[in-house]
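Structure below is model.pdb: PDB, C-alpha atoms and all ligand atoms.
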```pdb
ATOM      1  CA  MET I  29      32.217  14.214   9.921
ATOM      2  CA  ILE I  30      34.225  11.056   9.508
ATOM      3  CA  TRP I  31      33.643   9.301  12.832
ATOM      4  CA  GLN I  32      30.118   8.151  12.033
ATOM      5  CA  ARG I  33      31.200   6.364   8.888
ATOM      6  CA  LEU I  34      33.865   4.315  10.650
ATOM      7  CA  SER I  35      32.965   0.769  11.668
ATOM      8  CA  PRO I  36      32.661  -0.078  15.377
ATOM      9  CA  ILE I  37      35.934  -2.015  15.081
ATOM     10  CA  TRP I  38      37.868   0.985  13.797
ATOM     11  CA  GLN I  39      36.182   3.221  16.334
ATOM     12  CA  ALA I  40      37.308   0.863  19.106
ATOM     13  CA  CYS I  41      40.878   0.950  17.774
ATOM     14  CA  ILE I  42      40.927   4.740  17.666
ATOM     15  CA  ILE I  43      39.433   5.015  21.164
ATOM     16  CA  GLN I  44      42.459   3.021  22.341
ATOM     17  CA  ALA I  45      44.806   5.312  20.407
ATOM     18  CA  TRP I  46      43.268   8.437  21.956
ATOM     19  CA  GLU I  47      43.526   6.868  25.424
ATOM     20  CA  ALA I  48      47.225   6.321  24.733
ATOM     21  CA  TYR I  49      47.623   9.959  23.682
ATOM     22  CA  CYS I  50      45.836  11.086  26.848
ATOM     23  CA  HIS I  51      48.350   9.059  28.878
ATOM     24  CA  ASN I  52      51.280  10.760  27.148
ATOM     25  CA  SER I  53      52.152   7.770  24.951
ATOM     26  CA  LEU I  54      52.148   7.609  21.165
ATOM     27  CA  PRO I  55      48.546   7.377  19.882
ATOM     28  CA  HIS I  56      48.516   3.759  18.783
ATOM     29  CA  GLY I  57      45.557   1.461  19.435
ATOM     30  CA  ALA I  58      44.687  -2.106  18.502
ATOM     31  CA  VAL I  59      41.884  -4.609  18.896
ATOM     32  CA  ILE I  60      41.530  -8.301  18.111
ATOM     33  CA  VAL I  61      38.357  -9.621  16.533
ATOM     34  CA  ASP I  62      37.152 -13.229  16.561
ATOM     35  CA  GLU I  63      35.782 -15.207  13.639
ATOM     36  CA  ASN I  64      32.313 -13.757  14.241
ATOM     37  CA  GLY I  65      33.522 -10.171  14.192
ATOM     38  CA  ASN I  66      33.314  -9.694  17.961
ATOM     39  CA  ILE I  67      35.996  -7.588  19.616
ATOM     40  CA  VAL I  68      37.740  -9.922  22.054
ATOM     41  CA  ALA I  69      40.811  -7.910  23.113
ATOM     42  CA  HIS I  70      42.007  -4.319  23.318
ATOM     43  CA  GLY I  71      45.476  -2.824  23.553
ATOM     44  CA  ARG I  72      47.118   0.550  23.476
ATOM     45  CA  ASN I  73      50.614   1.914  23.487
ATOM     46  CA  ARG I  74      51.574   2.258  27.151
ATOM     47  CA  ILE I  75      55.253   3.100  26.808
ATOM     48  CA  ARG I  76      54.925   6.077  29.117
ATOM     49  CA  GLU I  77      52.196   4.726  31.405
ATOM     50  CA  LEU I  78      53.203   3.571  34.845
ATOM     51  CA  GLU I  79      50.933   0.522  34.959
ATOM     52  CA  GLY I  80      49.216  -1.809  32.521
ATOM     53  CA  GLU I  81      46.032  -3.799  33.044
ATOM     54  CA  GLY I  82      46.198  -7.527  33.670
ATOM     55  CA  ARG I  83      49.130  -8.960  31.745
ATOM     56  CA  GLN I  84      49.639  -5.926  29.548
ATOM     57  CA  PHE I  85      53.017  -4.218  29.342
ATOM     58  CA  ALA I  86      53.562  -0.659  30.490
ATOM     59  CA  ARG I  87      56.441   1.678  31.164
ATOM     60  CA  ASN I  88      58.834   0.070  28.717
ATOM     61  CA  ARG I  89      59.643   0.210  25.035
ATOM     62  CA  LEU I  90      57.899  -3.090  24.307
ATOM     63  CA  ALA I  91      54.502  -1.815  25.465
ATOM     64  CA  HIS I  92      53.107  -1.503  21.955
ATOM     65  CA  ALA I  93      49.381  -1.534  21.232
ATOM     66  CA  GLU I  94      49.413  -4.794  19.287
ATOM     67  CA  ILE I  95      51.496  -6.633  21.889
ATOM     68  CA  ASN I  96      49.109  -5.419  24.576
ATOM     69  CA  ALA I  97      46.096  -6.588  22.570
ATOM     70  CA  LEU I  98      47.708 -10.037  22.237
ATOM     71  CA  LEU I  99      48.379 -10.056  25.992
ATOM     72  CA  ASP I 100      44.791  -8.964  26.673
ATOM     73  CA  LEU I 101      43.424 -11.885  24.655
ATOM     74  CA  ASP I 102      42.009 -14.888  26.513
ATOM     75  CA  TRP I 103      43.677 -17.535  24.385
ATOM     76  CA  LYS I 104      41.573 -20.336  25.879
ATOM     77  CA  ALA I 105      38.274 -18.633  25.107
ATOM     78  CA  VAL I 106      38.794 -18.031  21.384
ATOM     79  CA  ASN I 107      40.197 -19.767  18.346
ATOM     80  CA  VAL I 108      43.320 -17.641  17.992
ATOM     81  CA  TYR I 109      44.065 -18.963  14.498
ATOM     82  CA  SER I 110      40.904 -17.362  13.148
ATOM     83  CA  CYS I 111      41.244 -14.067  15.033
ATOM     84  CA  GLU I 112      42.201 -10.882  13.177
ATOM     85  CA  LEU I 113      44.289  -7.940  14.383
ATOM     86  CA  TYR I 114      43.229  -4.345  13.750
ATOM     87  CA  SER I 115      45.706  -1.586  14.457
ATOM     88  CA  THR I 116      45.595   2.164  13.922
ATOM     89  CA  VAL I 117      49.176   2.032  12.681
ATOM     90  CA  GLU I 118      51.079  -0.488  10.591
ATOM     91  CA  PRO I 119      52.592  -2.970  13.049
ATOM     92  CA  CYS I 120      56.324  -2.700  13.658
ATOM     93  CA  LEU I 121      58.899  -5.476  13.261
ATOM     94  CA  MET I 122      58.244  -6.792  16.764
ATOM     95  CA  CYS I 123      54.455  -6.748  16.488
ATOM     96  CA  THR I 124      54.400  -8.310  13.024
ATOM     97  CA  GLY I 125      56.582 -11.067  14.475
ATOM     98  CA  ALA I 126      54.233 -11.463  17.422
ATOM     99  CA  VAL I 127      51.258 -11.895  15.089
ATOM    100  CA  ARG I 128      53.198 -14.622  13.272
ATOM    101  CA  MET I 129      54.073 -16.303  16.565
ATOM    102  CA  ALA I 130      50.380 -16.227  17.515
ATOM    103  CA  HIS I 131      49.523 -17.938  14.193
ATOM    104  CA  MET I 132      47.099 -15.208  13.260
ATOM    105  CA  LYS I 133      46.762 -14.525   9.556
ATOM    106  CA  GLU I 134      44.985 -11.219   9.053
ATOM    107  CA  ILE I 135      46.409  -7.776   9.859
ATOM    108  CA  HIS I 136      44.316  -4.658   9.238
ATOM    109  CA  TYR I 137      45.849  -1.226   9.680
ATOM    110  CA  ALA I 138      44.724   2.331   9.092
ATOM    111  CA  CYS I 139      47.986   4.245   8.717
ATOM    112  CA  ASN I 140      51.374   3.375   7.186
ATOM    113  CA  ASP I 141      54.577   3.686   9.124
ATOM    114  CA  SER I 142      57.478   4.164   6.716
ATOM    115  CA  GLY I 143      59.849   4.376   9.707
ATOM    116  CA  ALA I 144      59.268   1.479  12.089
ATOM    117  CA  GLY I 145      56.637  -0.406  10.077
ATOM    118  CA  GLY I 146      57.511  -4.084   9.746
ATOM    119  CA  THR I 147      54.859  -5.630   7.546
ATOM    120  CA  THR I 148      57.246  -5.970   4.602
ATOM    121  CA  LEU I 149      58.699  -8.887   6.570
ATOM    122  CA  ILE I 150      55.823 -11.182   5.769
ATOM    123  CA  ASP I 151      57.356 -12.621   2.601
ATOM    124  CA  LYS I 152      61.019 -12.354   3.590
ATOM    125  CA  THR I 153      61.703 -15.591   5.430
ATOM    126  CA  PRO I 154      60.454 -19.171   5.106
ATOM    127  CA  PHE I 155      58.880 -18.917   8.562
ATOM    128  CA  PHE I 156      56.901 -15.841   7.601
ATOM    129  CA  LYS I 157      55.918 -17.303   4.243
ATOM    130  CA  ASP I 158      54.574 -20.400   6.006
ATOM    131  CA  GLY I 159      52.502 -18.082   8.175
ATOM    132  CA  ASP I 160      50.569 -16.876   5.122
ATOM    133  CA  ILE I 161      49.745 -13.502   6.702
ATOM    134  CA  HIS I 162      47.453 -11.190   4.735
ATOM    135  CA  LEU I 163      47.711  -7.401   5.017
ATOM    136  CA  HIS I 164      44.769  -5.047   4.691
ATOM    137  CA  GLY I 165      45.576  -1.361   4.729
ATOM    138  CA  PRO I 166      45.568   1.531   4.781
ATOM    139  CA  HIS I 167      41.863   1.360   5.477
ATOM    140  CA  ASP I 168      40.667   4.819   4.375
ATOM    141  CA  GLU I 169      42.566   7.671   2.715
ATOM    142  CA  GLU I 170      41.214  10.421   4.974
ATOM    143  CA  LEU I 171      41.622   8.364   8.130
ATOM    144  CA  LEU I 172      45.210   7.643   7.081
ATOM    145  CA  VAL I 173      45.992  11.368   6.951
ATOM    146  CA  ILE I 174      44.161  12.094  10.220
ATOM    147  CA  LEU I 175      45.953   9.368  12.170
ATOM    148  CA  MET I 176      49.307  10.381  10.711
ATOM    149  CA  ALA I 177      48.640  13.973  11.745
ATOM    150  CA  LEU I 178      47.773  12.847  15.261
ATOM    151  CA  GLN I 179      51.056  10.936  15.522
ATOM    152  CA  VAL I 180      53.041  13.901  14.243
ATOM    153  CA  GLU I 181      51.297  16.217  16.697
ATOM    154  CA  ALA I 182      51.963  13.769  19.545
ATOM    155  CA  THR I 183      55.633  13.482  18.602
ATOM    156  CA  LEU I 184      55.918  17.265  18.901
ATOM    157  CA  SER I 185      53.695  17.901  21.915
ATOM    158  CA  GLN I 186      55.124  14.950  23.885
ATOM    159  CA  ARG I 187      58.600  16.344  23.298
ATOM    160  CA  HIS I 188      60.257  13.519  21.453
ATOM    161  CA  PRO I 189      64.038  14.050  21.745
ATOM    162  CA  ASN I 190      64.556  14.265  17.978
ATOM    163  CA  PRO I 191      61.108  15.017  16.554
ATOM    164  CA  ASP I 192      61.878  16.215  13.031
ATOM    165  CA  ALA I 193      64.029  13.208  12.118
ATOM    166  CA  TRP I 194      61.462  10.832  13.591
ATOM    167  CA  ILE I 195      58.605  12.548  11.752
ATOM    168  CA  ASN I 196      60.478  12.554   8.459
ATOM    169  CA  GLN I 197      60.787   8.780   8.659
ATOM    170  CA  LEU I 198      57.297   8.119   9.953
ATOM    171  CA  ALA I 199      55.436  10.383   7.536
ATOM    172  CA  ARG I 200      57.622  10.091   4.457
ATOM    173  CA  ASP I 201      54.767   8.688   2.372
ATOM    174  CA  VAL I 202      51.974  10.834   3.853
ATOM    175  CA  PRO I 203      53.000  14.484   3.382
ATOM    176  CA  ARG I 204      49.509  15.855   4.045
ATOM    177  CA  GLY I 205      49.469  14.090   7.403
ATOM    178  CA  LYS I 206      52.856  15.551   8.223
ATOM    179  CA  ALA I 207      51.768  19.087   7.301
ATOM    180  CA  LEU I 208      48.521  18.738   9.221
ATOM    181  CA  GLY I 209      50.361  17.403  12.274
ATOM    182  CA  TYR I 210      52.635  20.447  12.420
ATOM    183  CA  LYS I 211      49.603  22.697  12.016
ATOM    184  CA  LEU I 212      47.800  20.961  14.878
ATOM    185  CA  PHE I 213      50.850  21.392  17.070
ATOM    186  CA  GLU I 214      50.970  25.094  16.268
ATOM    187  CA  ASN I 215      47.265  25.778  16.834
ATOM    188  CA  GLY I 216      47.103  23.611  19.969
ATOM    189  CA  LEU I 217      43.672  22.195  19.189
ATOM    190  CA  VAL I 218      44.506  18.582  20.058
ATOM    191  CA  VAL I 219      46.213  19.510  23.321
ATOM    192  CA  ARG I 220      43.186  21.610  24.224
ATOM    193  CA  ALA I 221      40.829  18.724  23.390
ATOM    194  CA  HIS I 222      42.815  16.544  25.782
ATOM    195  CA  GLU I 223      42.730  19.185  28.506
ATOM    196  CA  GLU I 224      38.974  19.513  28.053
ATOM    197  CA  GLY I 225      38.502  15.743  28.389
ATOM    198  CA  ARG I 226      37.105  15.304  24.881
ATOM    199  CA  ASP I 227      36.535  11.815  23.491
ATOM    200  CA  ALA I 228      38.020  10.116  20.427
ATOM    201  CA  ALA I 229      35.012  10.899  18.223
ATOM    202  CA  TYR I 230      35.371  14.616  18.940
ATOM    203  CA  VAL I 231      39.096  14.616  18.221
ATOM    204  CA  ILE I 232      38.900  12.655  14.977
ATOM    205  CA  ASP I 233      36.159  14.928  13.645
ATOM    206  CA  LEU I 234      38.119  17.983  14.815
ATOM    207  CA  ILE I 235      41.204  16.857  12.885
ATOM    208  CA  HIS I 236      38.998  16.029   9.889
ATOM    209  CA  ASP I 237      37.717  19.618   9.924
ATOM    210  CA  GLN I 238      41.299  20.891  10.039
ATOM    211  CA  LEU I 239      42.149  18.668   7.075
ATOM    212  CA  ALA I 240      39.420  20.399   5.073
ATOM    213  CA  VAL I 241      40.918  23.794   5.913
ATOM    214  CA  LEU I 242      44.399  22.563   4.947
ATOM    215  CA  ALA I 243      43.137  21.429   1.552
TER     216      ALA I 243
HETATM  217 ZN    ZN H 301      54.954  -2.665  17.526
END
```
Take the structure from the file and write it as structure tokens.
Ligand SMILES: [Zn+2]
Amino acid sequence: MIWQRLSPIWQACIIQAWEAYCHNSLPHGAVIVDENGNIVAHGRNRIRELEGEGRQFARNRLAHAEINALLDLDWKAVNVYSCELYSTVEPCLMCTGAVRMAHMKEIHYACNDSGAGGTTLIDKTPFFKDGDIHLHGPHDEELLVILMALQVEATLSQRHPNPDAWINQLARDVPRGKALGYKLFENGLVVRAHEEGRDAAYVIDLIHDQLAVLA
């Protein structure tokens, strides 16, 4: 059982990611935490959702989890400079740029993205260097594999137009996550969990069990 050992912040992130999956979008979730460790904003990938909440984006390719967390944030109620972003997946080029534009300095992520991940930008330009952004991730080796597997499974079950090429880029550095994702697609356990209305804790522990079998 891995869920119980995750912090409430990571649990909140993953709950967002599972919500995204259940709305037929890629399972990416994010939260923003203030200087006291309180969660002050939530966001999820809503690319295939028809409507967002409040100012959040939906139904377009910019509706990424991290952007939606930034849009969910009440910028007048918190000191944005001292807030920290947590994301289930390494932020992409756009989202890394958005964190820089928000003058936030700490990015935590649980799973690499060797395809669209953009965190290597942070020391590439004078503007980014001035931002002094610090990266923290991946958070946990098992969680990394589980979240990669969930993305691979979603890419297949949500009928991405070119799934194998996409997966090869995304999971290049996490072969166990790739293998587990294909297995989950074949056995249908994640789709069934969604159909049964299971929560994020159930699904993460389910995939963790499957990881043990794979090993
Ligand atoms: Zn992004």
(request) Return as a list in words the set of residues that the PyMOL selection byres (((chain I and resi 163) around 7) and not hetatm) yields on the displayed structure. (result) Glu134, Ile135, His136, Ile161, His162, His164 and Gly165 of chain I
(request) Any chance you could resolve the PyMOL selection byres (((not hetatm)) within 6 of (chain H and resi 301)) against this file and give the residues as a count of residues only? (result) 5
(message) Just want the 10 Å neighbourhood of I:Val108, counted on all atoms listed in the file, with same-chain residues fewer than 5 positions away dropped. Output as number ranges by chain.
(response) I: 60-63, 98, 101-103, 130-133
Would you write out, as a PDB file with C-alpha atoms, in the coordinates of the input, every residue that the PyMOL selection byres (((chain I and resi 48-54) around 6) and not hetatm) captures in this file?
```
ATOM      1  CA  ALA I  45      44.806   5.312  20.407  1.00  0.00           C
ATOM      2  CA  TRP I  46      43.268   8.437  21.956  1.00  0.00           C
ATOM      3  CA  GLU I  47      43.526   6.868  25.424  1.00  0.00           C
ATOM      4  CA  PRO I  55      48.546   7.377  19.882  1.00  0.00           C
ATOM      5  CA  HIS I  56      48.516   3.759  18.783  1.00  0.00           C
ATOM      6  CA  ARG I  72      47.118   0.550  23.476  1.00  0.00           C
ATOM      7  CA  ASN I  73      50.614   1.914  23.487  1.00  0.00           C
ATOM      8  CA  ARG I  74      51.574   2.258  27.151  1.00  0.00           C
ATOM      9  CA  ILE I  75      55.253   3.100  26.808  1.00  0.00           C
ATOM     10  CA  ARG I  76      54.925   6.077  29.117  1.00  0.00           C
TER      11      ARG I  76
END
```
Please report, as lines of an AutoDock Vina configuration file, the centre and edge lengths in Å to one decimal of an axis-aligned box covering all listed atoms of stretch 130-149 of chain I with 6 Å per side.
```
center_x = 52.1
center_y = -6.8
center_z = 11.1
size_x = 27.5
size_y = 34.3
size_z = 24.9
```
Taking 3 positions as the minimum chain separation for residues in the same chain, which residues sit within 10 Å of I:Gly143 when counting all atoms listed in the file? Answer as a JSON list (two decimals) with C-alpha atoms, in the coordinates of the input.
```json
[["chain", "number", "residue", "atom", "x", "y", "z"],
["I", 120, "CYS", "CA", 56.32, -2.70, 13.66],
["I", 140, "ASN", "CA", 51.37, 3.38, 7.19],
["I", 146, "GLY", "CA", 57.51, -4.08, 9.75],
["I", 194, "TRP", "CA", 61.46, 10.83, 13.59],
["I", 195, "ILE", "CA", 58.60, 12.55, 11.75],
["I", 196, "ASN", "CA", 60.48, 12.55, 8.46],
["I", 197, "GLN", "CA", 60.79, 8.78, 8.66],
["I", 198, "LEU", "CA", 57.30, 8.12, 9.95],
["I", 199, "ALA", "CA", 55.44, 10.38, 7.54],
["I", 200, "ARG", "CA", 57.62, 10.09, 4.46],
["I", 201, "ASP", "CA", 54.77, 8.69, 2.37]]
```
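Proximity of I:Val106, I:Ala91, I:Leu172, I:Met29 to I:Glu118, computed with only C-alpha atoms, is greatest for I:Leu172.
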(message) Which residue is closest to I:Cys41? Choose from I:His70, I:Lys104, I:Arg220, I:Lys211 and count only C-alpha atoms.
(response) I:His70
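What separates atom CA of I:Val241 from atom CA of I:Ala177 is a distance of 13.8 Å.
For the residues I:Val59, I:Ala193, I:Leu242, I:Ala228, ranking by smallest atom-to-atom distance to I:Tyr137 using only C-alpha atoms places I:Val59 first.
Each of I:Ala93, I:Val180, I:Ala138, I:Met129 was checked against I:Phe155 using only C-alpha atoms; the smallest atom-to-atom distance is that of I:Met129.
Atom CA of I:Thr116 to atom CA of I:Ile174 spans 10.7 Å [interatomic distance, one decimal].
Coordinates place atom CA of I:Ser142 at a distance of 23.5 Å from atom CA of I:Gln238.
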Taking only C-alpha atoms into account, produce a table as CSV in which each residue of stretch 95-191 of chain I with an atom at most 9 Å from an atom of stretch 230-234 of chain I appears once, together with its shortest atom pair and the distance in Å to one decimal, ordered by chain and rising number.
```
residue,atom,partner,partner_atom,distance
I:Leu171,CA,I:Ile232,CA,8.5
I:Ile174,CA,I:Ile232,CA,7.1
I:Leu175,CA,I:Ile232,CA,8.3
I:Leu178,CA,I:Ile232,CA,8.9
```
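Counting all atoms listed in the file and comparing I:Ala86, I:Tyr210, I:Lys152, I:Glu77, the residue that lies closest to I:Asp192 is I:Tyr210.
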